[in-house]
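These notes are about the structure you will find just below.
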Amino acid sequence: MSDNLILPSWLSRGIEEYFPIKGTDQTFSEIFDHAKRNNKKLRVKLGIDPTGTDIHLGHSILFKKLRAFQDNGHIAVLIIGDFTAQIGDPTGKNKTRLQLSEKQVKDNAKTYLTQLGMGKPANESILDFDSKDRIEIRYNSEWLKGLNLNSIIELMGSSTVSQMLAKEEFNKRYTSQIPIALHEFLYPLLQGYDSVVVRSDIELGGTDQKFNIAIGRDLQRYFKQEPQFGVLLPILTGLDGFKKMSKSEFNTVGLTEDPLSMYSKLEKVPDNIIPTYFELLTELDLSFLENLNPRELQRRMALEVTTLFHGTKEALEAQSNCEKLFLGYKEKVGEIPEISLKEIVFPVKFFYLLSALKLFKSSSESKRSIKGGGVKIDSQKVINPDLVFDSKNDLEGKILQIGKKIIKRFEN
C-alpha cells in the first residue's frame, strides 16, 4: 500500500504530524486497513501526569481525539502517570521540576477524571467511560513502583546519553551548563516503558512529546514488540494570541469554568487564531469561515465551544448575558460567577485587591490594566489603581469586568 495517507476525516483533522512515515514499519493507513480487515481494536495510549488540578482547552484537544478513536470502535488506554508525575516531565522546562508527593498526585488524578466526565453518561462527558470495552484506565505505579534495580539498569541500558541529549530541553541545559539531574533521564524511559506494558498500537501526544513517544517505540522494539505509531497534535495558542495556553501565562480557559466566563473569554480571542480554535475545538465544517466577518467568527466560535462543554441552553444564555453586560444592563443579567472577598483584609487599594484575588500575575500588571481603562465595576471604568475600598460592603454584589474576559460578582 502507498505511503500516502488515506485516513478518515475524524482522524486526520487537526493532526500536526504522524510518525514514522516510511521505513520497515507499516504505514499509518496500513495499520487502519489491517485493523478493519481483521476486526481488530487498536490500543490508543494517552498518558497524563496529574501535576495540577485543572484541565484547560489546550489539554482537551488530545482527549477529544482519544474520544474519536473510542467512537470509532478502538480502545482508549488512559495512563494516569501517578508514578512519573512524582518525577516530573522535563519537557518545556529549563530547570529541574519540583517533585510532588504521592498524595498530591492521587488527589490531582481524581480531579482530572472528574473533569473528563467519569461518572457521567457518555453523551455528557469528554471520554466514554460507559463503554467498558473501549476504555482502560491504568496507573503506571502499578508496574513502575515495583521495578527492581536490575530492571531499571536494563531500561537505562537501552538508551544512551547522546540520545537523551538529543532532546531539545536537555541539550539547551547541557550547553548552557544548567544542571540536569540524573533522575530526569529516567522520565522518558519510564514513560516509554508504559507503552511496553500496555502494548499500545498508537500513542497520542502534543508536538512537544515526540521525543518521549519515540523512546516508547524504541523500548517496544527492545522488548520484541511491534512499535507504536506516534500521532502528534498541535499545542493550542492561548487567549493572548501568541503564547501556548498555559496556566502560568494566565491565558487559559478551564473546562470547569462557568458558561459566562468561558464564553466571555473566547469571544475576545484574537482574529488570527480563531480558525485554529474552530479546527481543534469543534467538529464544524470549516468551509463557512470565509463567509463570516471576524466579529461573527468570534461569537460563533465562543458559542460552539461553550456549547460543547455546557450545552446549548447554557451557552446561549451566556452569550445573551455577555451582550447585556456590554450594553450596561446589569439588572437584566442572569447568574454570574462569584468571587469571594473573605480572605481580603480591608481597607485595600484596588490594584492590590485584584492581585490578591489572583486576577493578575502581579500588582504592577494590575496597575497597568486599571490605568489603561481595562477594568470596570458595574459597567463603569475605574482608572485609579490607588482607589481605596474601606470594607466588603463597598464591593459586595457589584460586577467586576476585566477586558470582557473576566466577569465576576463580588460576594462576602
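Naming works like this for the C-alpha cells: A, B, ... for the chains as they're shown, residue 1 at the start of each chain, ligands 1 onward in shown order.
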**OP:** Write down as a ChimeraX atom specification the residues of range 6-80 of chain A whose backbone DSSP state falls under strand (DSSP E).
**Re:** /A:17-19,43-48,75-80
**OP:** Write out as a PyMOL selection string each polymer residue whose atoms come within 10 Å of Pro20 in chain A, counting only C-alpha atoms; drop sequence neighbours fewer than 5 positions from it.
**Re:** chain A and resi 25-28+214+227-231
I need the residues from that last selection saved to file as a CSV table (one decimal), in the first residue's frame (with N, CA, C and O atoms), if you can.
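Dumped to again-v3.csv:
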chain,number,residue,atom,x,y,z
A,25,ASP,N,8.4,-0.2,9.2
A,25,ASP,CA,7.1,-0.3,9.8
A,25,ASP,C,6.0,-0.2,8.8
A,25,ASP,O,6.2,0.3,7.7
A,26,GLN,N,4.8,-0.6,9.1
A,26,GLN,CA,3.6,-0.4,8.3
A,26,GLN,C,3.4,1.2,8.2
A,26,GLN,O,3.8,1.9,9.2
A,27,THR,N,2.8,1.6,7.2
A,27,THR,CA,2.3,3.0,7.2
A,27,THR,C,1.1,3.1,8.1
A,27,THR,O,0.4,2.1,8.4
A,28,PHE,N,0.8,4.4,8.4
A,28,PHE,CA,-0.3,4.6,9.3
A,28,PHE,C,-1.7,4.1,8.7
A,28,PHE,O,-2.5,3.5,9.3
A,214,ALA,N,8.8,8.6,20.8
A,214,ALA,CA,9.9,7.8,20.1
A,214,ALA,C,10.6,6.9,21.0
A,214,ALA,O,11.0,5.8,20.6
A,227,PRO,N,6.4,-1.7,17.2
A,227,PRO,CA,6.5,-0.3,17.7
A,227,PRO,C,5.2,0.5,17.4
A,227,PRO,O,4.6,0.3,16.3
A,228,GLN,N,4.8,1.3,18.3
A,228,GLN,CA,3.6,2.1,18.2
A,228,GLN,C,3.8,3.2,17.2
A,228,GLN,O,4.9,3.6,16.9
A,229,PHE,N,2.7,3.7,16.7
A,229,PHE,CA,2.8,4.9,15.8
A,229,PHE,C,2.6,6.1,16.7
A,229,PHE,O,1.8,6.1,17.7
A,230,GLY,N,3.3,7.2,16.4
A,230,GLY,CA,3.1,8.4,17.1
A,230,GLY,C,2.2,9.4,16.3
A,230,GLY,O,2.3,9.5,15.1
A,231,VAL,N,1.2,9.9,17.1
A,231,VAL,CA,0.3,10.9,16.5
A,231,VAL,C,0.4,12.2,17.3
A,231,VAL,O,0.1,12.2,18.5
Subject >> Pick from A:Ile61, A:Val375, A:Ala318, A:Met156 nearest to Glu257 in chain A, counting only C-alpha atoms >> reply: A:Ala318
Subject >> Neighbour list for Asn108 in chain A as number ranges by chain, cut-off 7 Å, only C-alpha atoms, skip fewer than 2 positions in-chain >> reply: A: 50-53, 104-106, 110-112
Give me the residues of range 184-241 of chain A that have any atom at most 12 Å from an atom of range 134-151 of chain A; for each, the nearest atom pair and the distance in Å, rounded to one decimal. Use only C-alpha atoms, sort by chain and number, and format it as JSON lines.
{"residue": "A:Leu186", "atom": "CA", "partner": "A:Leu144", "partner_atom": "CA", "distance": 11.4}
{"residue": "A:Tyr187", "atom": "CA", "partner": "A:Leu144", "partner_atom": "CA", "distance": 11.2}
{"residue": "A:Leu189", "atom": "CA", "partner": "A:Leu144", "partner_atom": "CA", "distance": 10.9}
{"residue": "A:Leu190", "atom": "CA", "partner": "A:Leu144", "partner_atom": "CA", "distance": 7.4}
{"residue": "A:Gln191", "atom": "CA", "partner": "A:Asn140", "partner_atom": "CA", "distance": 8.6}
{"residue": "A:Gly192", "atom": "CA", "partner": "A:Asn140", "partner_atom": "CA", "distance": 11.0}
{"residue": "A:Tyr193", "atom": "CA", "partner": "A:Leu144", "partner_atom": "CA", "distance": 8.7}
{"residue": "A:Asp194", "atom": "CA", "partner": "A:Asn140", "partner_atom": "CA", "distance": 6.8}
{"residue": "A:Ser195", "atom": "CA", "partner": "A:Asn140", "partner_atom": "CA", "distance": 10.3}
{"residue": "A:Val196", "atom": "CA", "partner": "A:Trp143", "partner_atom": "CA", "distance": 10.8}
{"residue": "A:Val197", "atom": "CA", "partner": "A:Trp143", "partner_atom": "CA", "distance": 7.9}
{"residue": "A:Val198", "atom": "CA", "partner": "A:Arg138", "partner_atom": "CA", "distance": 8.7}
{"residue": "A:Ser200", "atom": "CA", "partner": "A:Glu136", "partner_atom": "CA", "distance": 11.5}
Output C-alpha atoms for every residue in the selection just made, as a PDB file, in the first residue's frame.
ATOM      1  CA  LEU A 186      14.684   8.298  33.719  1.00  0.00           C
ATOM      2  CA  TYR A 187      11.431  10.088  32.904  1.00  0.00           C
ATOM      3  CA  LEU A 189      12.391   5.796  29.746  1.00  0.00           C
ATOM      4  CA  LEU A 190       9.697   5.142  32.334  1.00  0.00           C
ATOM      5  CA  GLN A 191       7.060   6.879  30.224  1.00  0.00           C
ATOM      6  CA  GLY A 192       8.188   4.823  27.244  1.00  0.00           C
ATOM      7  CA  TYR A 193       8.023   1.624  29.301  1.00  0.00           C
ATOM      8  CA  ASP A 194       4.312   2.352  29.799  1.00  0.00           C
ATOM      9  CA  SER A 195       3.883   1.654  26.075  1.00  0.00           C
ATOM     10  CA  VAL A 196       5.560  -1.723  26.504  1.00  0.00           C
ATOM     11  CA  VAL A 197       3.336  -2.745  29.416  1.00  0.00           C
ATOM     12  CA  VAL A 198       0.036  -1.747  27.786  1.00  0.00           C
ATOM     13  CA  SER A 200      -0.030   0.311  22.636  1.00  0.00           C
TER      14      SER A 200
END
Original post:
Neighbours of Lys408 in chain A within 6 Å (only C-alpha atoms; same-chain residues fewer than 2 positions away dropped), as a ChimeraX atom specification?
Top reply: /A:337-338,399-400
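Within 9 Å of Lys247 in chain A, once only C-alpha atoms are used and residues closer than 5 positions along the same chain are dropped, the contacting residues are Asp54, His56, Thr252 and Val253 of chain A.
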Any chance you can output those residues with all heavy atoms as a CSV table (one decimal), in the first residue's frame?
chain,number,residue,atom,x,y,z
A,54,ASP,N,-6.3,21.4,37.3
A,54,ASP,CA,-7.2,21.9,36.2
A,54,ASP,C,-6.8,21.4,34.8
A,54,ASP,O,-5.7,21.4,34.5
A,54,ASP,CB,-7.3,23.4,36.2
A,54,ASP,CG,-7.8,23.9,37.6
A,54,ASP,OD1,-8.8,23.4,38.1
A,54,ASP,OD2,-7.3,24.9,38.1
A,56,HIS,N,-7.5,22.4,30.9
A,56,HIS,CA,-7.9,23.5,30.1
A,56,HIS,C,-8.2,23.1,28.7
A,56,HIS,O,-8.0,22.0,28.3
A,56,HIS,CB,-7.0,24.7,30.2
A,56,HIS,CG,-5.6,24.5,29.8
A,56,HIS,ND1,-5.2,24.1,28.5
A,56,HIS,CD2,-4.4,24.6,30.5
A,56,HIS,CE1,-3.9,24.0,28.5
A,56,HIS,NE2,-3.4,24.2,29.7
A,252,THR,N,-5.6,30.9,29.8
A,252,THR,CA,-6.3,29.6,29.7
A,252,THR,C,-7.8,29.8,29.8
A,252,THR,O,-8.3,30.8,30.3
A,252,THR,CB,-5.9,28.6,30.7
A,252,THR,OG1,-6.2,29.1,32.0
A,252,THR,CG2,-4.4,28.4,30.7
A,253,VAL,N,-8.5,28.8,29.3
A,253,VAL,CA,-9.9,28.6,29.6
A,253,VAL,C,-10.1,27.2,30.2
A,253,VAL,O,-9.8,26.2,29.5
A,253,VAL,CB,-10.8,28.7,28.3
A,253,VAL,CG1,-12.3,28.5,28.6
A,253,VAL,CG2,-10.6,30.1,27.6
